[in-house]
$ cat start-v4.pdb   # PDB, C-alpha atoms and all ligand atoms
ATOM      1  CA  MET A  24      -0.386  27.489  15.954
ATOM      2  CA  SER A  25      -2.158  29.809  18.384
ATOM      3  CA  GLU A  26      -5.739  29.273  19.539
ATOM      4  CA  SER A  27      -7.144  31.933  17.227
ATOM      5  CA  ALA A  28      -5.102  31.047  14.184
ATOM      6  CA  ALA A  29      -6.916  31.173  10.867
ATOM      7  CA  VAL A  30      -6.346  28.405   8.344
ATOM      8  CA  LYS A  31      -6.464  28.377   4.564
ATOM      9  CA  LEU A  32      -8.140  24.991   4.370
ATOM     10  CA  VAL A  33     -10.815  23.452   6.584
ATOM     11  CA  VAL A  34     -11.408  19.697   6.458
ATOM     12  CA  VAL A  35     -14.407  17.995   8.005
ATOM     13  CA  GLY A  36     -14.629  14.231   7.998
ATOM     14  CA  SER A  37     -14.343  11.084  10.025
ATOM     15  CA  ILE A  38     -11.600  10.451  12.543
ATOM     16  CA  GLY A  39     -11.529   6.849  13.506
ATOM     17  CA  ILE A  40      -9.921   3.672  14.600
ATOM     18  CA  ASP A  41      -9.644   1.149  11.776
ATOM     19  CA  THR A  42      -9.029  -2.575  11.620
ATOM     20  CA  ILE A  43      -7.807  -3.582   8.192
ATOM     21  CA  GLU A  44      -6.991  -6.901   6.604
ATOM     22  CA  THR A  45      -5.196  -7.233   3.276
ATOM     23  CA  PRO A  46      -4.131 -10.517   1.626
ATOM     24  CA  TRP A  47      -0.744 -10.047   3.312
ATOM     25  CA  ALA A  48      -1.290  -8.400   6.653
ATOM     26  CA  LYS A  49      -3.790  -7.446   9.319
ATOM     27  CA  ARG A  50      -3.647  -4.351  11.512
ATOM     28  CA  LYS A  51      -5.947  -3.842  14.480
ATOM     29  CA  SER A  52      -7.047  -0.490  15.917
ATOM     30  CA  ILE A  53      -4.933   1.860  13.859
ATOM     31  CA  LEU A  54      -5.534   5.542  13.233
ATOM     32  CA  GLY A  55      -7.800   6.171  10.258
ATOM     33  CA  GLY A  56     -10.736   8.231   9.088
ATOM     34  CA  SER A  57     -11.217  10.404   6.042
ATOM     35  CA  ALA A  58     -10.199  13.612   7.865
ATOM     36  CA  SER A  59      -7.032  12.013   9.271
ATOM     37  CA  TYR A  60      -5.710  11.161   5.825
ATOM     38  CA  ALA A  61      -6.891  14.369   4.196
ATOM     39  CA  CYS A  62      -5.434  16.675   6.876
ATOM     40  CA  ALA A  63      -2.120  14.841   7.044
ATOM     41  CA  SER A  64      -1.783  15.158   3.286
ATOM     42  CA  ALA A  65      -2.928  18.796   3.023
ATOM     43  CA  GLY A  66      -0.514  19.814   5.772
ATOM     44  CA  PHE A  67       2.421  19.386   3.385
ATOM     45  CA  PHE A  68       1.146  22.359   1.389
ATOM     46  CA  THR A  69      -0.923  24.721   3.499
ATOM     47  CA  SER A  70      -2.352  25.534   6.930
ATOM     48  CA  VAL A  71      -5.163  23.092   7.591
ATOM     49  CA  GLY A  72      -7.760  22.818  10.338
ATOM     50  CA  MET A  73      -9.550  19.593  11.242
ATOM     51  CA  VAL A  74     -13.241  19.499  12.155
ATOM     52  CA  GLY A  75     -14.569  16.289  13.661
ATOM     53  CA  VAL A  76     -15.174  14.355  16.824
ATOM     54  CA  VAL A  77     -13.428  11.668  18.852
ATOM     55  CA  GLY A  78     -14.360   9.891  22.065
ATOM     56  CA  THR A  79     -12.538   9.859  25.373
ATOM     57  CA  ASP A  80     -10.852   6.616  24.303
ATOM     58  CA  PHE A  81      -8.981   8.396  21.495
ATOM     59  CA  PRO A  82      -5.256   8.032  22.205
ATOM     60  CA  GLU A  83      -3.411  11.282  22.966
ATOM     61  CA  GLU A  84      -0.552  10.094  20.757
ATOM     62  CA  HIS A  85      -2.795  10.418  17.687
ATOM     63  CA  LYS A  86      -3.569  14.042  18.515
ATOM     64  CA  ALA A  87       0.125  14.660  19.057
ATOM     65  CA  LEU A  88       0.793  13.163  15.630
ATOM     66  CA  TYR A  89      -1.697  15.512  13.938
ATOM     67  CA  GLN A  90      -0.001  18.421  15.666
ATOM     68  CA  ARG A  91       3.455  17.287  14.606
ATOM     69  CA  MET A  92       2.117  17.160  11.059
ATOM     70  CA  GLY A  93       0.983  20.789  11.342
ATOM     71  CA  VAL A  94      -2.757  20.137  11.630
ATOM     72  CA  ASP A  95      -4.700  22.728  13.648
ATOM     73  CA  LEU A  96      -7.091  21.051  16.102
ATOM     74  CA  GLN A  97      -9.369  23.913  17.213
ATOM     75  CA  GLY A  98     -12.261  22.208  15.423
ATOM     76  CA  LEU A  99     -11.682  18.757  16.901
ATOM     77  CA  GLN A 100     -14.174  17.915  19.644
ATOM     78  CA  GLN A 101     -13.482  15.241  22.228
ATOM     79  CA  VAL A 102     -16.659  14.027  23.942
ATOM     80  CA  PRO A 103     -17.684  11.188  26.275
ATOM     81  CA  GLY A 104     -18.141   7.927  24.418
ATOM     82  CA  GLU A 105     -16.292   5.793  21.932
ATOM     83  CA  THR A 106     -14.498   6.956  18.819
ATOM     84  CA  PHE A 107     -15.788   6.037  15.348
ATOM     85  CA  ARG A 108     -14.610   2.566  14.296
ATOM     86  CA  TRP A 109     -14.471   0.921  10.917
ATOM     87  CA  SER A 110     -13.112  -2.381   9.671
ATOM     88  CA  GLY A 111     -12.612  -3.703   6.172
ATOM     89  CA  VAL A 112     -11.041  -6.535   4.224
ATOM     90  CA  TYR A 113      -9.305  -6.347   0.834
ATOM     91  CA  GLU A 114      -9.529  -9.085  -1.779
ATOM     92  CA  GLU A 115      -6.528 -10.456  -3.619
ATOM     93  CA  ASP A 116      -6.288  -7.645  -6.217
ATOM     94  CA  MET A 117      -6.684  -4.866  -3.606
ATOM     95  CA  ASN A 118      -9.241  -3.036  -5.769
ATOM     96  CA  GLN A 119     -12.110  -4.841  -4.078
ATOM     97  CA  ARG A 120     -12.864  -3.988  -0.484
ATOM     98  CA  ARG A 121     -15.578  -5.247   1.824
ATOM     99  CA  THR A 122     -16.713  -3.282   4.854
ATOM    100  CA  ILE A 123     -16.975  -5.625   7.812
ATOM    101  CA  SER A 124     -18.313  -3.127  10.319
ATOM    102  CA  THR A 125     -19.000   0.563  10.794
ATOM    103  CA  GLU A 126     -19.609   1.873  14.313
ATOM    104  CA  LEU A 127     -20.550   5.545  14.194
ATOM    105  CA  ASN A 128     -20.342   5.885  18.011
ATOM    106  CA  VAL A 129     -19.664   9.574  18.878
ATOM    107  CA  PHE A 130     -20.590  10.574  15.311
ATOM    108  CA  LYS A 131     -24.219   9.657  16.076
ATOM    109  CA  ASN A 132     -24.790  12.781  18.154
ATOM    110  CA  PHE A 133     -22.134  14.973  16.619
ATOM    111  CA  SER A 134     -22.870  18.460  15.423
ATOM    112  CA  PRO A 135     -19.888  20.158  13.852
ATOM    113  CA  GLU A 136     -19.038  23.594  15.179
ATOM    114  CA  ILE A 137     -16.763  25.615  12.992
ATOM    115  CA  PRO A 138     -14.410  27.735  15.110
ATOM    116  CA  ALA A 139     -14.718  31.476  14.398
ATOM    117  CA  ALA A 140     -11.162  31.518  13.048
ATOM    118  CA  TYR A 141     -12.082  28.928  10.381
ATOM    119  CA  ARG A 142     -15.242  30.528   9.028
ATOM    120  CA  GLU A 143     -13.508  32.841   6.588
ATOM    121  CA  SER A 144     -11.326  30.035   5.258
ATOM    122  CA  PRO A 145     -11.187  30.162   1.438
ATOM    123  CA  PHE A 146     -10.963  26.405   0.917
ATOM    124  CA  LEU A 147     -13.195  23.692   2.346
ATOM    125  CA  PHE A 148     -13.008  19.948   1.954
ATOM    126  CA  LEU A 149     -16.074  17.988   3.000
ATOM    127  CA  ALA A 150     -14.470  14.579   3.339
ATOM    128  CA  ASN A 151     -16.476  11.397   3.705
ATOM    129  CA  ILE A 152     -19.024  11.791   6.474
ATOM    130  CA  SER A 153     -22.833  11.915   6.505
ATOM    131  CA  PRO A 154     -24.289  14.498   4.096
ATOM    132  CA  GLU A 155     -26.356  15.898   6.975
ATOM    133  CA  LEU A 156     -23.147  16.898   8.774
ATOM    134  CA  GLN A 157     -21.589  18.178   5.547
ATOM    135  CA  LEU A 158     -24.596  20.511   5.144
ATOM    136  CA  ARG A 159     -24.221  21.834   8.689
ATOM    137  CA  VAL A 160     -20.604  22.706   7.958
ATOM    138  CA  LEU A 161     -21.508  24.456   4.711
ATOM    139  CA  ASP A 162     -24.089  26.533   6.568
ATOM    140  CA  GLN A 163     -21.442  27.863   8.949
ATOM    141  CA  MET A 164     -18.824  28.884   6.401
ATOM    142  CA  ARG A 165     -18.807  32.516   5.262
ATOM    143  CA  LYS A 166     -18.053  32.379   1.566
ATOM    144  CA  PRO A 167     -15.430  29.814   0.605
ATOM    145  CA  LEU A 168     -13.711  30.246  -2.734
ATOM    146  CA  PHE A 169     -13.675  26.524  -3.485
ATOM    147  CA  VAL A 170     -15.447  23.582  -1.879
ATOM    148  CA  THR A 171     -14.909  19.906  -2.660
ATOM    149  CA  VAL A 172     -17.119  17.097  -1.396
ATOM    150  CA  ASP A 173     -16.324  13.397  -1.162
ATOM    151  CA  THR A 174     -18.778  10.639  -0.314
ATOM    152  CA  MET A 175     -19.270   6.874  -0.355
ATOM    153  CA  ASP A 176     -21.778   4.167  -1.310
ATOM    154  CA  LEU A 177     -23.247   4.082   2.211
ATOM    155  CA  TRP A 178     -24.518   7.674   1.931
ATOM    156  CA  ILE A 179     -25.661   7.232  -1.662
ATOM    157  CA  ASN A 180     -27.852   4.382  -0.382
ATOM    158  CA  MET A 181     -28.942   5.903   2.907
ATOM    159  CA  ALA A 182     -29.076   9.655   2.391
ATOM    160  CA  ARG A 183     -29.316  10.331  -1.333
ATOM    161  CA  ASP A 184     -31.541  13.428  -1.058
ATOM    162  CA  LYS A 185     -29.294  15.146   1.490
ATOM    163  CA  LEU A 186     -26.268  14.211  -0.578
ATOM    164  CA  MET A 187     -27.827  15.837  -3.647
ATOM    165  CA  GLU A 188     -28.395  18.987  -1.560
ATOM    166  CA  VAL A 189     -24.687  19.039  -0.710
ATOM    167  CA  ILE A 190     -23.676  18.393  -4.305
ATOM    168  CA  ALA A 191     -25.763  21.360  -5.458
ATOM    169  CA  ARG A 192     -23.719  23.674  -3.217
ATOM    170  CA  VAL A 193     -20.122  22.664  -3.976
ATOM    171  CA  ASP A 194     -17.564  23.400  -6.681
ATOM    172  CA  MET A 195     -16.186  19.906  -7.054
ATOM    173  CA  LEU A 196     -17.542  16.422  -6.415
ATOM    174  CA  ALA A 197     -14.976  13.652  -5.918
ATOM    175  CA  LEU A 198     -16.169  10.085  -6.266
ATOM    176  CA  ASN A 199     -15.016   6.714  -7.514
ATOM    177  CA  GLU A 200     -16.246   4.887 -10.585
ATOM    178  CA  SER A 201     -18.798   2.650  -8.894
ATOM    179  CA  GLU A 202     -20.196   5.572  -6.890
ATOM    180  CA  ALA A 203     -20.607   7.632 -10.079
ATOM    181  CA  ARG A 204     -22.543   4.773 -11.677
ATOM    182  CA  GLN A 205     -24.579   4.165  -8.533
ATOM    183  CA  LEU A 206     -25.503   7.843  -8.236
ATOM    184  CA  THR A 207     -26.502   8.355 -11.867
ATOM    185  CA  GLY A 208     -27.455   4.926 -13.211
ATOM    186  CA  LYS A 209     -25.138   5.642 -16.161
ATOM    187  CA  GLN A 210     -22.505   3.116 -17.185
ATOM    188  CA  SER A 211     -20.375   5.587 -19.140
ATOM    189  CA  LEU A 212     -18.275   7.626 -16.730
ATOM    190  CA  LEU A 213     -18.345  10.629 -19.026
ATOM    191  CA  LYS A 214     -22.128  10.545 -19.225
ATOM    192  CA  ALA A 215     -22.338  10.087 -15.456
ATOM    193  CA  ALA A 216     -20.073  13.127 -14.971
ATOM    194  CA  GLN A 217     -22.110  15.176 -17.447
ATOM    195  CA  GLN A 218     -25.270  14.366 -15.536
ATOM    196  CA  LEU A 219     -23.649  15.331 -12.224
ATOM    197  CA  LEU A 220     -22.358  18.610 -13.692
ATOM    198  CA  GLN A 221     -26.017  19.546 -14.265
ATOM    199  CA  LYS A 222     -26.625  19.307 -10.518
ATOM    200  CA  GLY A 223     -24.371  22.206  -9.545
ATOM    201  CA  PRO A 224     -20.638  21.433  -9.295
ATOM    202  CA  ARG A 225     -18.215  22.990 -11.747
ATOM    203  CA  MET A 226     -16.044  19.863 -11.800
ATOM    204  CA  ILE A 227     -16.304  16.152 -11.196
ATOM    205  CA  LEU A 228     -13.224  14.282 -10.071
ATOM    206  CA  LEU A 229     -13.465  10.585 -10.837
ATOM    207  CA  LYS A 230     -11.086   8.488  -8.765
ATOM    208  CA  LYS A 231     -10.044   5.305 -10.499
ATOM    209  CA  GLY A 232      -7.786   3.768  -7.858
ATOM    210  CA  GLU A 233      -4.619   2.308  -9.350
ATOM    211  CA  HIS A 234      -5.737   3.658 -12.731
ATOM    212  CA  GLY A 235      -5.490   7.274 -11.659
ATOM    213  CA  SER A 236      -8.101   9.974 -11.972
ATOM    214  CA  LEU A 237     -10.182  11.889 -14.439
ATOM    215  CA  LEU A 238     -11.265  15.493 -14.007
ATOM    216  CA  ILE A 239     -14.325  16.507 -15.950
ATOM    217  CA  ALA A 240     -15.253  20.168 -16.002
ATOM    218  CA  ARG A 241     -17.866  21.849 -18.166
ATOM    219  CA  ASP A 242     -15.242  22.848 -20.731
ATOM    220  CA  ASP A 243     -12.258  20.637 -19.916
ATOM    221  CA  ILE A 244     -11.169  17.046 -19.396
ATOM    222  CA  PHE A 245      -7.903  16.155 -17.686
ATOM    223  CA  VAL A 246      -6.494  12.660 -17.312
ATOM    224  CA  MET A 247      -3.916  11.662 -14.709
ATOM    225  CA  PRO A 248      -2.563   8.146 -14.206
ATOM    226  CA  ALA A 249      -1.584   6.919 -10.757
ATOM    227  CA  TYR A 250       2.101   7.037  -9.853
ATOM    228  CA  PRO A 251       3.375   3.451 -10.230
ATOM    229  CA  VAL A 252       4.037   2.011  -6.791
ATOM    230  CA  PHE A 253       5.959  -1.283  -6.391
ATOM    231  CA  ASP A 254       4.221  -2.513  -3.252
ATOM    232  CA  VAL A 255       0.806  -1.234  -2.226
ATOM    233  CA  LEU A 256       0.574  -2.293   1.388
ATOM    234  CA  ASP A 257      -2.774  -0.670   2.208
ATOM    235  CA  PRO A 258      -4.919   1.442  -0.146
ATOM    236  CA  THR A 259      -7.185   2.645   2.697
ATOM    237  CA  GLY A 260      -7.484   6.401   2.648
ATOM    238  CA  ALA A 261      -5.829   6.788  -0.753
ATOM    239  CA  GLY A 262      -8.778   8.828  -2.001
ATOM    240  CA  ASP A 263      -8.709  11.065   1.077
ATOM    241  CA  THR A 264      -4.953  11.499   0.853
ATOM    242  CA  PHE A 265      -5.337  12.395  -2.799
ATOM    243  CA  ALA A 266      -8.133  14.887  -2.123
ATOM    244  CA  GLY A 267      -6.305  16.398   0.878
ATOM    245  CA  GLY A 268      -3.148  16.887  -1.175
ATOM    246  CA  PHE A 269      -5.213  18.309  -4.005
ATOM    247  CA  MET A 270      -7.011  20.820  -1.770
ATOM    248  CA  GLY A 271      -3.812  21.689   0.105
ATOM    249  CA  ALA A 272      -1.921  22.423  -3.096
ATOM    250  CA  LEU A 273      -4.856  24.428  -4.443
ATOM    251  CA  ALA A 274      -5.048  26.440  -1.223
ATOM    252  CA  ALA A 275      -1.299  27.091  -1.427
ATOM    253  CA  ALA A 276      -1.737  28.360  -4.992
ATOM    254  CA  GLY A 277      -4.499  30.607  -3.622
ATOM    255  CA  GLN A 278      -6.402  30.739  -6.892
ATOM    256  CA  VAL A 279      -8.464  28.363  -8.946
ATOM    257  CA  THR A 280      -7.284  28.223 -12.541
ATOM    258  CA  LYS A 281      -6.957  25.415 -15.060
ATOM    259  CA  GLU A 282      -3.229  25.326 -14.278
ATOM    260  CA  SER A 283      -3.550  25.371 -10.476
ATOM    261  CA  ILE A 284      -6.161  22.595 -10.644
ATOM    262  CA  ARG A 285      -3.939  20.403 -12.820
ATOM    263  CA  ARG A 286      -0.905  20.976 -10.616
ATOM    264  CA  ALA A 287      -2.974  20.174  -7.530
ATOM    265  CA  ILE A 288      -4.088  16.892  -9.134
ATOM    266  CA  LEU A 289      -0.436  16.036  -9.735
ATOM    267  CA  TYR A 290       0.427  16.703  -6.079
ATOM    268  CA  GLY A 291      -2.605  14.813  -4.784
ATOM    269  CA  THR A 292      -1.580  11.821  -6.889
ATOM    270  CA  VAL A 293       1.997  11.909  -5.614
ATOM    271  CA  VAL A 294       1.120  12.160  -1.907
ATOM    272  CA  ALA A 295      -1.432   9.345  -2.276
ATOM    273  CA  SER A 296       1.281   7.152  -3.825
ATOM    274  CA  PHE A 297       3.344   7.534  -0.651
ATOM    275  CA  GLY A 298       0.365   6.943   1.610
ATOM    276  CA  VAL A 299      -0.426   3.474   0.218
ATOM    277  CA  GLU A 300       3.131   2.274   0.869
ATOM    278  CA  ALA A 301       2.183   1.692   4.525
ATOM    279  CA  PHE A 302      -0.810   1.340   6.850
ATOM    280  CA  SER A 303      -2.489   4.310   8.513
ATOM    281  CA  LEU A 304      -0.363   7.499   8.505
ATOM    282  CA  ASP A 305       2.825   5.466   8.934
ATOM    283  CA  ARG A 306       4.427   6.602   5.675
ATOM    284  CA  LEU A 307       2.996  10.129   5.592
ATOM    285  CA  GLN A 308       4.246  10.961   9.067
ATOM    286  CA  HIS A 309       7.837  10.342   7.985
ATOM    287  CA  LEU A 310       7.498  12.013   4.622
ATOM    288  CA  ALA A 311       9.373  15.212   3.762
ATOM    289  CA  ARG A 312       8.122  17.855   1.357
ATOM    290  CA  ALA A 313      11.362  17.437  -0.613
ATOM    291  CA  GLU A 314      10.453  13.772  -1.271
ATOM    292  CA  ILE A 315       7.076  14.862  -2.610
ATOM    293  CA  ASP A 316       8.667  17.391  -4.947
ATOM    294  CA  ALA A 317      11.268  14.882  -6.123
ATOM    295  CA  ARG A 318       8.616  12.259  -6.905
ATOM    296  CA  ALA A 319       6.475  14.892  -8.643
ATOM    297  CA  GLN A 320       9.462  15.653 -10.873
ATOM    298  CA  THR A 321      10.099  11.961 -11.618
ATOM    299  CA  PHE A 322       6.405  11.509 -12.365
ATOM    300  CA  GLN A 323       6.355  14.436 -14.788
ATOM    301  CA  ASN A 324       9.278  12.871 -16.637
ATOM    302  CA  MET A 325       7.318   9.606 -16.843
ATOM    303  CA  LEU A 326       4.352  11.480 -18.293
ATOM    304  CA  ARG A 327       6.279  13.280 -21.021
ATOM    305  CA  ALA A 328       5.365  11.770 -24.416
TER     306      ALA A 328
HETATM  307  P1  LIG B   1     -11.164   5.423   1.690
HETATM  308  O1  LIG B   1     -10.206   4.276   1.560
HETATM  309  O2  LIG B   1     -10.725   6.631   0.924
HETATM  310  O3  LIG B   1     -12.578   5.013   1.413
HETATM  311  O4  LIG B   1     -11.138   5.882   3.216
HETATM  312  C1  LIG B   1     -11.097   4.965   4.241
HETATM  313  C2  LIG B   1     -11.340   5.663   5.561
HETATM  314  O5  LIG B   1     -12.690   6.078   5.624
HETATM  315  C3  LIG B   1     -11.088   4.731   6.725
HETATM  316  O6  LIG B   1      -9.984   5.200   7.473
HETATM  317  C4  LIG B   1     -12.396   4.756   7.537
HETATM  318  O7  LIG B   1     -12.183   5.039   8.899
HETATM  319  C5  LIG B   1     -13.225   5.843   6.902
HETATM  320  N1  LIG B   1     -14.627   5.438   6.752
HETATM  321  C6  LIG B   1     -15.107   4.217   6.467
HETATM  322  N2  LIG B   1     -16.461   4.229   6.439
HETATM  323  C7  LIG B   1     -16.855   5.495   6.712
HETATM  324  C8  LIG B   1     -18.128   6.166   6.850
HETATM  325  N3  LIG B   1     -19.287   5.523   6.701
HETATM  326  N4  LIG B   1     -18.123   7.494   7.111
HETATM  327  C9  LIG B   1     -16.960   8.145   7.253
HETATM  328  N5  LIG B   1     -15.735   7.582   7.157
HETATM  329  C10 LIG B   1     -15.673   6.271   6.897
END
$ encode --input "start-v4.pdb" --output "structure tokens" --more "lines below"
Ligand code: AMP
Amino acid sequence: MSESAAVKLVVVGSIGIDTIETPWAKRKSILGGSASYACASAGFFTSVGMVGVVGTDFPEEHKALYQRMGVDLQGLQQVPGETFRWSGVYEEDMNQRRTISTELNVFKNFSPEIPAAYRESPFLFLANISPELQLRVLDQMRKPLFVTVDTMDLWINMARDKLMEVIARVDMLALNESEARQLTGKQSLLKAAQQLLQKGPRMILLKKGEHGSLLIARDDIFVMPAYPVFDVLDPTGAGDTFAGGFMGALAAAGQVTKESIRRAILYGTVVASFGVEAFSLDRLQHLARAEIDARAQTFQNMLRA
């Protein structure tokens, strides 16, 4: 892609080095970050540009991997200092995860700058990153057709007011069950979603891990199970892979309708099911679009009642 290339989807989020321990394996210093997973996934469907920051220690091979996967890097800053690092441990059932450490490093002084070629982009995904930075990105975009925001418990605890400002300005809020309860104080997910719909977004996407997802719009509810995977090696980034695939497929459709949203949820689910079969981007980097389409077809057959 040339320096001035426009993209259909812009993704801002973390780009980091993760250390992850599951009951069966441990991987040190592997490529991670919400934007890494989301961009890799979206790239199967549309032209995607990454906005974020890495330090001088960030291995060149990771940048080369993004490029091989079709991710435009005009919005990726590399600055003196260390790259964002995160480490976490999964419990036996893999649904419970504990954060061991979060080192913001170069994210501490980061101010996202949206390249001119990205500002007209119709689709924007604000992946997990501080709400303050998400707001700065929103301020620089011209008039996106559809914006989704993702977040996590850390920001709900530390930056609730800023997060609510972001939520008021987006079309869709993606969050998991515990975050929905934490944000609203409501135990019922439907009531939590209803409350959040009052704050601005048109849709709430509830991610339920291995139990799939639930889309709640003002006049629609859509339920999607997860694709059954034999061996989940590492669920890290599943939500970002899902959301990236969702936004990529929606951007490829070019319009936001009930049908395009549902189809995008199907694709997001399928790409996420590949992603969890390996650590980091190990499975996604060897994935072909034809495999995605084939699994989407198999999945639709499974869903037919
Ligand atoms: P997920 O499993 O969808 O929560 O995404 C995991 C990814 O999020 C990991 O690759 C981490 O590098 C990244 N991550 C963890 N904590 C944070 C944070 N506070 N802000 C941004 N990204 C984070």
$ closest_residue --input "start-v4.pdb" --among "A:His85, A:Lys231, A:Arg241, A:Lys222" --to "Val189 in chain A" --atoms "all atoms listed in the file"
A:Lys222
$ residues_near_point --input "start-v4.pdb" --point "(-8.7, -2.5, 7.4)" --cutoff "6 Å" --atoms "all atoms listed in the file" --output "list in words"
Asp41, Thr42, Ile43, Glu44, Ser110, Gly111 and Val112 of chain A
$ closest_atom_pairs --input "start-v4.pdb" --of "chain A" --to "ligand LIG 1 (chain B)" --cutoff "6 Å" --atoms "all atoms listed in the file" --output "tab-separated table"
residue	atom	partner	partner_atom	distance
A:Ser37	CA	B:LIG1	N5	4.7
A:Gly39	CA	B:LIG1	O7	5.0
A:Asp41	CA	B:LIG1	O7	5.5
A:Gly55	CA	B:LIG1	O6	3.7
A:Gly56	CA	B:LIG1	O7	3.5
A:Ser57	CA	B:LIG1	O5	4.6
A:Trp109	CA	B:LIG1	O7	5.1
A:Asn151	CA	B:LIG1	C9	4.8
A:Ile152	CA	B:LIG1	C9	4.3
A:Thr259	CA	B:LIG1	O1	3.6
A:Gly260	CA	B:LIG1	O1	3.6
A:Ala261	CA	B:LIG1	O2	5.2
A:Gly262	CA	B:LIG1	O2	4.1
A:Asp263	CA	B:LIG1	O2	4.9
$ resolve_selection --input "start-v4.pdb" --expression "the PyMOL selection byres (((chain A and resi 103-106) around 12) and not hetatm)" --output "number ranges by chain"
A: 37-41, 52-56, 75-82, 100-102, 107-109, 125-133
$ atom_distance --input "start-v4.pdb" --atom1 "CA of Arg225 in chain A" --atom2 "CA of Met73 in chain A"
24.8 Å
$ resolve_selection --input "start-v4.pdb" --expression "the PyMOL selection byres (((chain A and resi 33-35) around 6) and not hetatm)" --output "ChimeraX atom specification"
/A:32,36,71-75,147-150
$ residues_around --input "start-v4.pdb" --residues "Gln205 in chain A" --least-positions-apart "3" --cutoff "12 Å" --atoms "all atoms listed in the file" --output "PyMOL selection string"
chain A and resi 174-180+183+198-202+208-212+215-216+219
$ atom_distance --input "start-v4.pdb" --atom1 "CA of Asp254 in chain A" --atom2 "CA of Val94 in chain A"
28.0 Å
$ closest_residue --input "start-v4.pdb" --among "A:Ala249, A:Ile284, A:Val294, A:Ala197" --to "Glu233 in chain A" --atoms "all atoms listed in the file"
A:Ala249
$ resolve_selection --input "start-v4.pdb" --expression "the PyMOL selection byres (((chain A and resi 299) around 6) and not hetatm)" --output "list in words"
Val255, Leu256, Asp257, Pro258, Ser296, Phe297, Gly298, Glu300 and Ala301 of chain A
$ axis_aligned_box --input "start-v4.pdb" --around "range 218-228 of chain A" --padding-each-side "5 Å" --output "AutoDock Vina command-line options"
--center_x -19.9 --center_y 18.6 --center_z -12.4 --size_x 23.4 --size_y 18.7 --size_z 16.2
